[in-house]
Amino acid sequence: MPSRIRLDLSTQNPDLQDGLQARIHDPLWMLGRQWQFGEFNGADAGSPAAAQVIVDTAAVTRYQPGPRSGPHPARPYAAAGLALETLVEAELVTDDARPNWRLAAESGRHLLRLLETARLGPTRAQWLASTYVLAAPTAEQAKQFDAASLSFIRVLSGRTVDGLRFAARMRGLQAGNRLNEVFRDVPLDQVTEVDRPKILATLTAWLTWLDGLFQQGTAPSAWIPERMEYALSVSAKTTSSEVVLTAPEYLDGRLDWFSFTTRSGTGLGATESHTSLTESFLPAPVSFRGMPSARLWEFEDGAVNFASVQAAPQDLARLLLVKFALEYSNDWFLLPLELPVGTVSRVRALVVTNTFGERFLISHTTDVDGPTTPWRMFSLTNDTQKLFFLPPVLGPMLESRPVEDLSLLKDEMANVAWAVERVVESAAGRPLERHEAYQETLAEQPPAPAADGAPLTYRLGTTVPDYWIPLLPVKDGTTLRLKRGVLPAFGEGGIQGLQLPKGRLLEPNRELLLYEEEVPREGARVTRSYQYARWIDGTTHLWIGRRKSPGRGEGSSGLQFDVAEKREEGNS
């Protein structure tokens, strides 16, 4: 039998240069084979080696809340100071109609701490004896509070200062440049002339802290109650004309360039704020996981294997994806270009120099393929100026649990649409579960008396929980709307009042006419929650924003008419 021969590589030369050269025995043969396979045809041309771009940018300087055709006027806007989402969503945290007792107490306690630390001004006992003390709720107010909020307010009333009331007094004097008049009020009227400048500085610092605690919105608001969503428009003045960008349906809490469309017509009065940038840089190849390696001797990542993708002959999308990933992945390059946030840009010229020294002027896709080209990446709808919009929007942010949760749903059994207030904001500023509050109310009511000898009791209609608000169809011209209705609240002796909404989403102080399509078959969910984010200048902002998302389908309120019930042991 022939003996086996094993070849082992060994070298006594410590230099690795010979091994790294990867020499071949017949280079002329290799060149001939490359010529046979057409590798010298240069079909791929040269690779980009350098690029130069000229860009015109115009800053967004005007903002209009609400629909583009709405009555709200436009006002100035500076993207460097505030994110667009914060500007659009921010609303009043507290107002005269719905005071936030927790915020009033906490701000008052902070005021007393500042004065006590500085050892200035009246004592705590003098403050509590003044008109700025946190007063107990009236009997009429107490009826509207839940048990937890009422207990919280009764504990704090008379023990601290109402910070919101004192802040309202300070803002009124500050607007009229009459801050010194605050020393006419009890108990500040006892402050000496020497201490007044120091106390005034402390009070001003406290008011600045309170005003900066929340980002509060100003009227008019961008919220459209009939649609349960926001609408807004911004504009910028380019070298040719004013560009108006409109976001007609902003509902999910995230804005981006694709949320906007360009609109023609009257502008918003944007001021000229455009510049021209000229940048030179090196193109960087686009890379993604699983792409073929550019070097022959490099091991590829096995986590993604495009060669194992199975596709039927009619599965064109998958075939195109695999063909692009395996054959044309090295033909895409990235040109990094930094642009200011909140600007509208237009590329005037893009010149690319390849490895052979050739210079090419890269045209816009619409110049090459025509205006109907399917390539629409980063292109605004109805845009004829070939613009790129970099909106001043937020990145990651923190969101609290909803302080108000509203469900819009249809009840096919009762043939009624409902607005269900699952969570509302209590007087103490906390989320209040209305179902739990309703069950507590039922437990406090005395049992109904038993019917003497009556096996059946006729009822015109069954009761519905007080947090179910009906939406009744009404005609508004040629369209069908859903009007927020009201149901009677039954108690001892008959009707005790009306079941009114307690949250802000249902606009309890005005008539609400929802569009019918806003309550689809799957329903809708609308929430209010606190948002916290940091902007590009390093400042942090806290505000309340609203969100709308799909619901969980239809629901049943249990409403029935003409019901005969059997009463047992005094309960129906």
# chains A, B, ... in the order shown; residues from 1 in each chain; ligands from 1
call {"tool": "residues_around", "arguments": {"residues": "segment 461-472 of chain A", "least_positions_apart": "5", "cutoff": "6 Å", "atoms": "only C-alpha atoms", "output": "MDAnalysis selection string"}}
result
chainID A and resid 417:421 482:485 499 559:562
call {"tool": "write_last_selection", "arguments": {"atoms": "C-alpha atoms", "output": "compact mmCIF listing (two decimals), in the first residue's frame"}}
result
# COMPACT_ATOMS: atom_id res chain seq x y z
CA ALA A 417 -72.34 55.31 20.45
CA TRP A 418 -70.71 55.97 23.83
CA ALA A 419 -67.87 57.99 25.28
CA VAL A 420 -66.61 56.07 28.31
CA GLU A 421 -64.55 58.07 30.80
CA LEU A 482 -72.36 62.56 17.02
CA LYS A 483 -73.50 65.03 19.68
CA ARG A 484 -72.47 64.57 23.27
CA GLY A 485 -75.67 63.88 25.15
CA GLN A 499 -74.65 62.60 34.46
CA LEU A 559 -78.93 49.75 28.36
CA GLN A 560 -82.36 48.24 27.73
CA PHE A 561 -85.85 49.70 27.35
CA ASP A 562 -89.25 48.35 28.45
call {"tool": "residues_around", "arguments": {"residues": "Ser69 of chain A", "least_positions_apart": "6", "cutoff": "12 Å", "atoms": "only C-alpha atoms", "output": "VMD selection string"}}
result
chain A and resid 231 to 233 246 248 263 to 268
call {"tool": "write_last_selection", "arguments": {"atoms": "N, CA and C atoms", "output": "CSV table (one decimal), in the first residue's frame"}}
result
chain,number,residue,atom,x,y,z
A,231,ALA,N,-54.1,69.8,14.6
A,231,ALA,CA,-53.8,70.2,13.3
A,231,ALA,C,-52.9,71.5,13.4
A,232,LEU,N,-51.9,71.6,12.5
A,232,LEU,CA,-51.0,72.8,12.6
A,232,LEU,C,-50.4,73.0,11.2
A,233,SER,N,-49.9,74.2,11.1
A,233,SER,CA,-49.2,74.6,9.9
A,233,SER,C,-47.9,75.5,10.3
A,246,THR,N,-48.2,71.8,6.2
A,246,THR,CA,-49.4,71.6,7.0
A,246,THR,C,-49.4,70.1,7.5
A,248,PRO,N,-52.2,68.0,8.8
A,248,PRO,CA,-53.7,68.0,9.1
A,248,PRO,C,-54.2,67.0,10.1
A,263,ARG,N,-48.8,73.2,1.0
A,263,ARG,CA,-50.0,73.8,0.6
A,263,ARG,C,-49.8,75.1,-0.1
A,264,SER,N,-50.6,75.2,-1.2
A,264,SER,CA,-50.5,76.5,-1.9
A,264,SER,C,-51.5,77.5,-1.4
A,265,GLY,N,-51.4,78.7,-1.8
A,265,GLY,CA,-52.4,79.7,-1.4
A,265,GLY,C,-51.7,80.8,-0.5
A,266,THR,N,-52.5,81.4,0.3
A,266,THR,CA,-52.0,82.5,1.1
A,266,THR,C,-51.0,82.0,2.1
A,267,GLY,N,-49.9,82.7,2.3
A,267,GLY,CA,-48.8,82.4,3.2
A,267,GLY,C,-49.2,82.8,4.6
A,268,LEU,N,-48.3,82.5,5.6
A,268,LEU,CA,-48.5,82.8,7.0
A,268,LEU,C,-47.6,84.0,7.4
call {"tool": "atom_distance", "arguments": {"atom1": "atom CA of Trp257 of chain A", "atom2": "atom CA of Asp383 of chain A"}}
result
12.5 Å
call {"tool": "atom_distance", "arguments": {"atom1": "atom CA of Val341 of chain A", "atom2": "atom CA of Gly538 of chain A"}}
result
14.3 Å
call {"tool": "closest_atom_pairs", "arguments": {"of": "segment 172-281 of chain A", "to": "segment 114-121 of chain A", "cutoff": "8 Å", "atoms": "only C-alpha atoms", "output": "tab-separated table"}}
result
residue	atom	partner	partner_atom	distance
A:Leu188	CA	A:Gly121	CA	6.9
A:Val191	CA	A:Gly121	CA	6.1
A:Asp195	CA	A:Leu120	CA	7.2
A:Lys198	CA	A:Leu120	CA	7.9
A:Ile199	CA	A:Leu120	CA	6.5
A:Thr202	CA	A:Leu114	CA	7.2
A:Trp206	CA	A:Leu114	CA	7.9
call {"tool": "write_last_selection", "arguments": {"atoms": "N, CA and C atoms", "output": "mmCIF file, in the first residue's frame"}}
result
data_model
loop_
_atom_site.group_PDB
_atom_site.id
_atom_site.type_symbol
_atom_site.label_atom_id
_atom_site.label_comp_id
_atom_site.auth_asym_id
_atom_site.auth_seq_id
_atom_site.Cartn_x
_atom_site.Cartn_y
_atom_site.Cartn_z
ATOM 1 N N LEU A 188 -48.027 90.578 54.106
ATOM 2 C CA LEU A 188 -46.821 91.257 53.659
ATOM 3 C C LEU A 188 -46.823 92.737 54.009
ATOM 4 N N VAL A 191 -44.028 93.926 56.535
ATOM 5 C CA VAL A 191 -42.604 93.874 56.181
ATOM 6 C C VAL A 191 -42.031 95.282 56.193
ATOM 7 N N ASP A 195 -36.351 95.206 54.387
ATOM 8 C CA ASP A 195 -36.440 93.821 53.915
ATOM 9 C C ASP A 195 -37.223 93.667 52.614
ATOM 10 N N LYS A 198 -35.283 92.337 49.415
ATOM 11 C CA LYS A 198 -34.884 90.934 49.508
ATOM 12 C C LYS A 198 -36.095 90.016 49.349
ATOM 13 N N ILE A 199 -37.202 90.384 50.008
ATOM 14 C CA ILE A 199 -38.407 89.548 49.883
ATOM 15 C C ILE A 199 -38.941 89.581 48.455
ATOM 16 N N THR A 202 -37.022 87.199 46.410
ATOM 17 C CA THR A 202 -37.400 85.812 46.705
ATOM 18 C C THR A 202 -38.743 85.465 46.068
ATOM 19 N N TRP A 206 -39.445 82.684 43.200
ATOM 20 C CA TRP A 206 -40.462 81.626 43.368
ATOM 21 C C TRP A 206 -41.442 81.623 42.208
#
call {"tool": "closest_residue", "arguments": {"among": "A:Asn354, A:Ser287, A:Ser308, A:Gln314", "to": "Tyr328 of chain A", "atoms": "only C-alpha atoms"}}
result
A:Ser287
call {"tool": "residues_around", "arguments": {"residues": "Met413 of chain A", "least_positions_apart": "6", "cutoff": "10 Å", "atoms": "only C-alpha atoms", "output": "JSON, numbers by chain"}}
result
{"A": [554, 555, 556, 557, 558, 559, 560]}
